[in-house]
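Novice: Hey, dropping structure_30.csv in here, CSV, C-alpha atoms:
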```
chain,number,residue,atom,x,y,z
A,1,MET,CA,-31.3,19.1,-21.9
A,2,VAL,CA,-31.7,16.0,-19.8
A,3,LYS,CA,-33.9,16.4,-16.7
A,4,PRO,CA,-32.0,16.1,-13.4
A,5,VAL,CA,-34.6,13.7,-12.0
A,6,LEU,CA,-33.9,11.2,-14.8
A,7,LEU,CA,-30.2,11.4,-14.2
A,8,LEU,CA,-30.8,10.8,-10.5
A,9,ALA,CA,-33.0,7.8,-11.2
A,10,LEU,CA,-30.4,6.3,-13.5
A,11,ALA,CA,-27.6,6.8,-11.0
A,12,ALA,CA,-29.6,5.3,-8.2
A,13,GLY,CA,-30.4,2.2,-10.3
A,14,CYS,CA,-26.7,1.6,-10.9
A,15,ALA,CA,-25.6,2.2,-7.3
A,16,VAL,CA,-27.1,-1.0,-5.9
A,17,ASP,CA,-26.6,-3.3,-9.0
A,18,ASN,CA,-23.7,-5.4,-7.7
A,19,PRO,CA,-22.6,-4.5,-4.2
A,20,PRO,CA,-19.4,-6.3,-2.9
A,21,THR,CA,-20.0,-9.2,-0.5
A,22,GLU,CA,-18.0,-9.3,2.7
A,23,VAL,CA,-16.1,-12.4,3.8
A,24,GLY,CA,-15.4,-13.4,7.4
A,25,PRO,CA,-12.3,-12.7,9.3
A,26,LEU,CA,-9.1,-14.0,7.6
A,27,ASP,CA,-6.4,-15.7,9.6
A,28,ARG,CA,-2.9,-14.2,9.4
A,29,SER,CA,-1.2,-17.4,10.5
A,30,TYR,CA,-3.0,-19.5,7.9
A,31,PHE,CA,-2.1,-16.9,5.3
A,32,HIS,CA,1.6,-17.0,6.3
A,33,CYS,CA,1.8,-20.8,6.4
A,34,ASN,CA,-0.5,-21.8,3.5
A,35,VAL,CA,-1.5,-18.9,1.3
A,36,GLN,CA,1.8,-17.0,1.0
A,37,PRO,CA,3.7,-20.1,-0.2
A,38,VAL,CA,1.1,-20.7,-2.9
A,39,LEU,CA,1.3,-17.1,-4.1
A,40,ALA,CA,5.1,-17.1,-4.0
A,41,ALA,CA,5.3,-20.3,-6.0
A,42,ARG,CA,2.5,-19.8,-8.5
A,43,CYS,CA,1.9,-16.0,-8.9
A,44,ALA,CA,4.9,-13.9,-7.9
A,45,PHE,CA,6.9,-14.1,-11.1
A,46,PRO,CA,8.2,-10.7,-12.4
A,47,ALA,CA,6.1,-10.9,-15.5
A,48,CYS,CA,3.0,-11.7,-13.4
A,49,HIS,CA,2.3,-10.6,-9.9
A,50,GLY,CA,5.9,-10.2,-8.7
A,51,THR,CA,6.0,-6.6,-9.5
A,52,ARG,CA,4.5,-3.5,-7.9
A,53,VAL,CA,2.9,-2.3,-11.1
A,54,ARG,CA,0.3,-5.1,-10.9
A,55,PRO,CA,-2.9,-4.7,-8.9
A,56,LEU,CA,-2.1,-7.9,-7.0
A,57,ALA,CA,1.6,-7.5,-6.3
A,58,ILE,CA,3.2,-10.2,-4.2
A,59,PHE,CA,6.5,-9.9,-2.3
A,60,ALA,CA,8.4,-13.2,-2.2
A,61,PRO,CA,12.0,-14.5,-1.9
A,62,GLY,CA,13.8,-14.3,-5.3
A,63,ARG,CA,11.1,-11.9,-6.5
A,64,GLU,CA,10.0,-8.3,-5.8
A,65,ARG,CA,11.0,-7.2,-2.3
A,66,LEU,CA,10.0,-4.4,-0.1
A,67,ARG,CA,13.1,-3.3,1.7
A,68,VAL,CA,15.4,-6.2,1.1
A,69,THR,CA,18.5,-5.3,-0.9
A,70,TRP,CA,19.5,-6.9,-4.2
A,71,ASP,CA,22.4,-8.8,-2.6
A,72,ARG,CA,20.0,-10.8,-0.4
A,73,PRO,CA,17.3,-12.0,-2.9
A,74,THR,CA,16.5,-15.3,-1.2
A,75,GLU,CA,16.1,-13.9,2.3
A,76,PRO,CA,12.8,-15.1,3.8
A,77,VAL,CA,9.8,-12.8,3.5
A,78,THR,CA,10.0,-10.1,6.1
A,79,ALA,CA,7.2,-9.2,8.6
A,80,ASP,CA,6.5,-6.0,6.6
A,81,GLU,CA,6.3,-7.9,3.3
A,82,LEU,CA,4.0,-10.5,4.8
A,83,ASP,CA,1.8,-7.9,6.3
A,84,ALA,CA,1.7,-6.0,3.0
A,85,ASN,CA,0.8,-9.2,1.1
A,86,PHE,CA,-1.9,-10.1,3.7
A,87,GLN,CA,-3.5,-6.7,3.4
A,88,LEU,CA,-3.4,-6.6,-0.4
A,89,VAL,CA,-4.5,-10.2,-1.0
A,90,SER,CA,-7.4,-9.9,1.6
A,91,GLY,CA,-8.9,-7.3,-0.8
A,92,PHE,CA,-9.1,-9.9,-3.5
A,93,THR,CA,-11.4,-12.1,-1.4
A,94,THR,CA,-14.6,-10.2,-2.2
A,95,LEU,CA,-16.9,-11.7,-4.9
A,96,ASP,CA,-16.5,-11.1,-8.6
A,97,ALA,CA,-19.1,-11.3,-11.4
A,98,THR,CA,-19.1,-15.1,-11.2
A,99,GLY,CA,-20.1,-15.0,-7.5
A,100,GLU,CA,-16.7,-16.4,-6.4
A,101,PRO,CA,-13.9,-14.6,-4.6
A,102,TRP,CA,-11.5,-12.9,-7.1
A,103,LEU,CA,-8.6,-14.7,-5.6
A,104,LEU,CA,-10.1,-18.1,-6.5
A,105,SER,CA,-11.9,-17.3,-9.8
A,106,LYS,CA,-9.3,-15.2,-11.6
A,107,PRO,CA,-6.5,-17.8,-11.7
A,108,LEU,CA,-9.0,-20.7,-12.2
A,109,ALA,CA,-9.3,-22.0,-15.8
A,110,SER,CA,-12.5,-20.9,-17.5
A,111,ALA,CA,-13.4,-24.5,-18.2
A,112,ALA,CA,-13.5,-25.1,-14.5
A,113,GLY,CA,-15.7,-22.1,-13.8
A,114,GLY,CA,-13.1,-19.4,-13.4
A,115,TYR,CA,-13.0,-15.9,-14.7
A,116,TYR,CA,-10.8,-15.0,-17.6
A,117,HIS,CA,-7.1,-14.7,-16.6
A,118,ARG,CA,-5.0,-13.0,-19.2
A,119,GLY,CA,-1.7,-14.6,-18.1
A,120,ALA,CA,-2.5,-17.9,-19.7
A,121,ASP,CA,-2.9,-16.1,-23.1
A,122,LEU,CA,0.2,-13.8,-22.7
A,123,TYR,CA,2.6,-16.5,-21.8
A,124,GLY,CA,1.2,-19.5,-23.7
A,125,ALA,CA,0.7,-21.6,-20.6
A,126,ASP,CA,-2.2,-23.1,-18.6
A,127,ASP,CA,-4.1,-21.1,-16.0
A,128,VAL,CA,-2.7,-21.1,-12.5
A,129,PHE,CA,-5.3,-23.6,-11.4
A,130,MET,CA,-6.8,-25.9,-13.9
A,131,THR,CA,-9.3,-27.4,-11.5
A,132,LYS,CA,-10.7,-26.7,-8.1
A,133,ASP,CA,-9.0,-29.9,-6.9
A,134,ASP,CA,-5.5,-28.3,-7.3
A,135,ALA,CA,-3.7,-28.3,-3.9
A,136,GLY,CA,-2.9,-24.6,-4.1
A,137,TYR,CA,-6.5,-23.7,-5.0
A,138,GLN,CA,-7.7,-25.7,-2.0
A,139,LEU,CA,-5.4,-23.8,0.4
A,140,LEU,CA,-6.6,-20.5,-0.8
A,141,ALA,CA,-10.3,-21.6,-0.6
A,142,LYS,CA,-9.8,-22.8,2.9
A,143,TRP,CA,-8.3,-19.5,4.0
A,144,ILE,CA,-11.2,-17.6,2.5
A,145,ALA,CA,-13.7,-20.0,4.1
A,146,GLY,CA,-12.2,-19.1,7.5
A,147,GLU,CA,-9.7,-21.9,8.2
A,148,THR,CA,-7.2,-21.0,10.9
A,149,ALA,CA,-3.7,-22.1,11.8
A,150,GLN,CA,-1.5,-22.0,14.9
A,151,SER,CA,0.8,-19.0,15.1
A,152,ASN,CA,3.8,-21.4,15.2
A,153,CYS,CA,2.8,-23.3,12.0
A,154,THR,CA,5.3,-24.4,9.4
A,155,PRO,CA,4.8,-23.0,5.9
A,156,THR,CA,3.6,-25.6,3.5
A,157,THR,CA,5.5,-26.9,0.5
A,158,MET,CA,2.4,-28.5,-1.0
A,159,VAL,CA,1.6,-25.6,-3.4
A,160,GLY,CA,0.5,-27.7,-6.4
A,161,PRO,CA,2.2,-28.3,-9.7
```
If you took the structure in this file and wrote it as C-alpha cells, what would it be?
Specialist:
Amino acid sequence: MVKPVLLLALAAGCAVDNPPTEVGPLDRSYFHCNVQPVLAARCAFPACHGTRVRPLAIFAPGRERLRVTWDRPTEPVTADELDANFQLVSGFTTLDATGEPWLLSKPLASAAGGYYHRGADLYGADDVFMTKDDAGYQLLAKWIAGETAQSNCTPTTMVGP
C-alpha cells in the first residue's frame, strides 16, 4: 500500500508545475472590429471552428449561428453572438506550453514557433498563420497585448491571405 504522505507530496508537486498566466484586460471594441473579422475569415469554417462541437467555436455570417435562422445566413453577427465569441476567445489568451497565448501559438506554423495545429494535417493546407508577420496574426497579437479601439470603429477587412 502506498503511504498517504507520498501521494500528498506527489500531488503537491504537480499542482504548481505550470500555472496559467493572466493577461491584461481585453477590449471588446477592438475584438469586434479587428479580432472577430480575422476569426470569421480564417477560423470559422464548418470543418474547423465554425461548429459548436469544437472547443473554440466561432459564430460568424455564413457559418454557425446562435439564434439566426437558416434563411438569413449572411446576417451580421448579433450582439449575443459577438459576446459569446468574445467570452470564449478570451479564454484562449492564456499561455500554453510554448509560453505564448493559445490564440496565437496554436494557428501559427511550427516552423515559425507555433504549437502543433491539426487542421493543417487534416485538410492538407498550410497553417492559419505561416509567420508572425501575417496581418491577421498581428491583429490578434495587438488585442492580447492590450490594444483598444473606439466603440464606433469599423470592422477591418485586412484579415490576411
Novice: Within 7 Å of range 144-149 of chain A, which residues of range 20-125 of chain A come that close, and what is the closest atom pair and distance in Å for each? Count only C-alpha atoms and give it as a tab-separated table.
Specialist:
```
residue	atom	partner	partner_atom	distance
A:Gly24	CA	A:Gly146	CA	6.5
A:Pro25	CA	A:Gly146	CA	6.6
A:Leu26	CA	A:Gly146	CA	6.0
A:Asp27	CA	A:Thr148	CA	5.5
A:Ser29	CA	A:Ala149	CA	5.5
A:Tyr30	CA	A:Ala149	CA	4.7
A:Thr93	CA	A:Ile144	CA	6.7
```
Novice: When you count all atoms listed in the file, which of these residues is closest to Ala60 in chain A: A:Ala47, A:Phe92, A:Val38, A:Gly119?
Specialist: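 Nearest candidate to Ala60 in chain A out of A:Ala47, A:Phe92, A:Val38, A:Gly119: A:Val38.
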Novice: My list of candidates is A:Ala112, A:Leu104, A:Cys48, A:Leu95. Which is closest to Gly136 in chain A when distances are computed with all atoms listed in the file?
Specialist: A:Leu104
Novice: Tell me which of A:Gly114, A:Thr157, A:Leu103, A:Glu75 sits closest to Ala141 in chain A, counting all atoms listed in the file.
Specialist: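 Smallest distance to Ala141 in chain A is found for A:Leu103.
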Novice: Of the residues A:Val53, A:Val159, A:Ala109, A:Ala40, which is the one nearest to Thr74 in chain A, using all atoms listed in the file?
Specialist: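 Between A:Val53, A:Val159, A:Ala109, A:Ala40, the residue approaching Thr74 in chain A most closely is A:Ala40.
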Novice: Work out how far apart CA of Lys132 in chain A and CA of Val89 in chain A are and give it in Å to one decimal.
Specialist: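 Atom-to-atom, CA of Lys132 in chain A to CA of Val89 in chain A, that is 19.0 Å.
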Novice: With distances taken over all atoms listed in the file, which of A:Leu108, A:Leu140, A:Leu82, A:Leu39 is nearest to Val128 in chain A?
Specialist: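 So, comparing all the options, the nearest one is A:Leu108.
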Novice: Hey, can you check how far CA of Tyr116 in chain A sits from CA of Gly99 in chain A?
Specialist: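 Spanning CA of Tyr116 in chain A to CA of Gly99 in chain A is a straight-line distance of 13.7 Å.
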Novice: Hey, can you pull every residue with an atom no more than 10 Å from (7.4, -17.3, -7.4), using only C-alpha atoms, and send it as a short mmCIF file (atom, residue, chain, number, x, y, z; two decimals) with C-alpha atoms, keeping the file's coordinate frame?
Specialist:
```cif
data_model
loop_
_atom_site.label_atom_id
_atom_site.label_comp_id
_atom_site.auth_asym_id
_atom_site.auth_seq_id
_atom_site.Cartn_x
_atom_site.Cartn_y
_atom_site.Cartn_z
CA PRO A 37 3.70 -20.10 -0.20
CA VAL A 38 1.10 -20.70 -2.90
CA LEU A 39 1.30 -17.10 -4.10
CA ALA A 40 5.10 -17.10 -4.00
CA ALA A 41 5.30 -20.30 -6.00
CA ARG A 42 2.50 -19.80 -8.50
CA CYS A 43 1.90 -16.00 -8.90
CA ALA A 44 4.90 -13.90 -7.90
CA PHE A 45 6.90 -14.10 -11.10
CA PRO A 46 8.20 -10.70 -12.40
CA CYS A 48 3.00 -11.70 -13.40
CA HIS A 49 2.30 -10.60 -9.90
CA GLY A 50 5.90 -10.20 -8.70
CA ILE A 58 3.20 -10.20 -4.20
CA PHE A 59 6.50 -9.90 -2.30
CA ALA A 60 8.40 -13.20 -2.20
CA PRO A 61 12.00 -14.50 -1.90
CA GLY A 62 13.80 -14.30 -5.30
CA ARG A 63 11.10 -11.90 -6.50
CA GLU A 64 10.00 -8.30 -5.80
#
```
Novice: What does the distance from CA of Pro101 in chain A to CA of Asn152 in chain A come to in Å, to one decimal?
Specialist: 27.4 Å
Novice: Using only C-alpha atoms for the distances, tell me which of A:Met158, A:Val68, A:Ala79, A:Ala111 is nearest to Leu139 in chain A.
Specialist: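 Selected residue with least distance to Leu139 in chain A: A:Met158.
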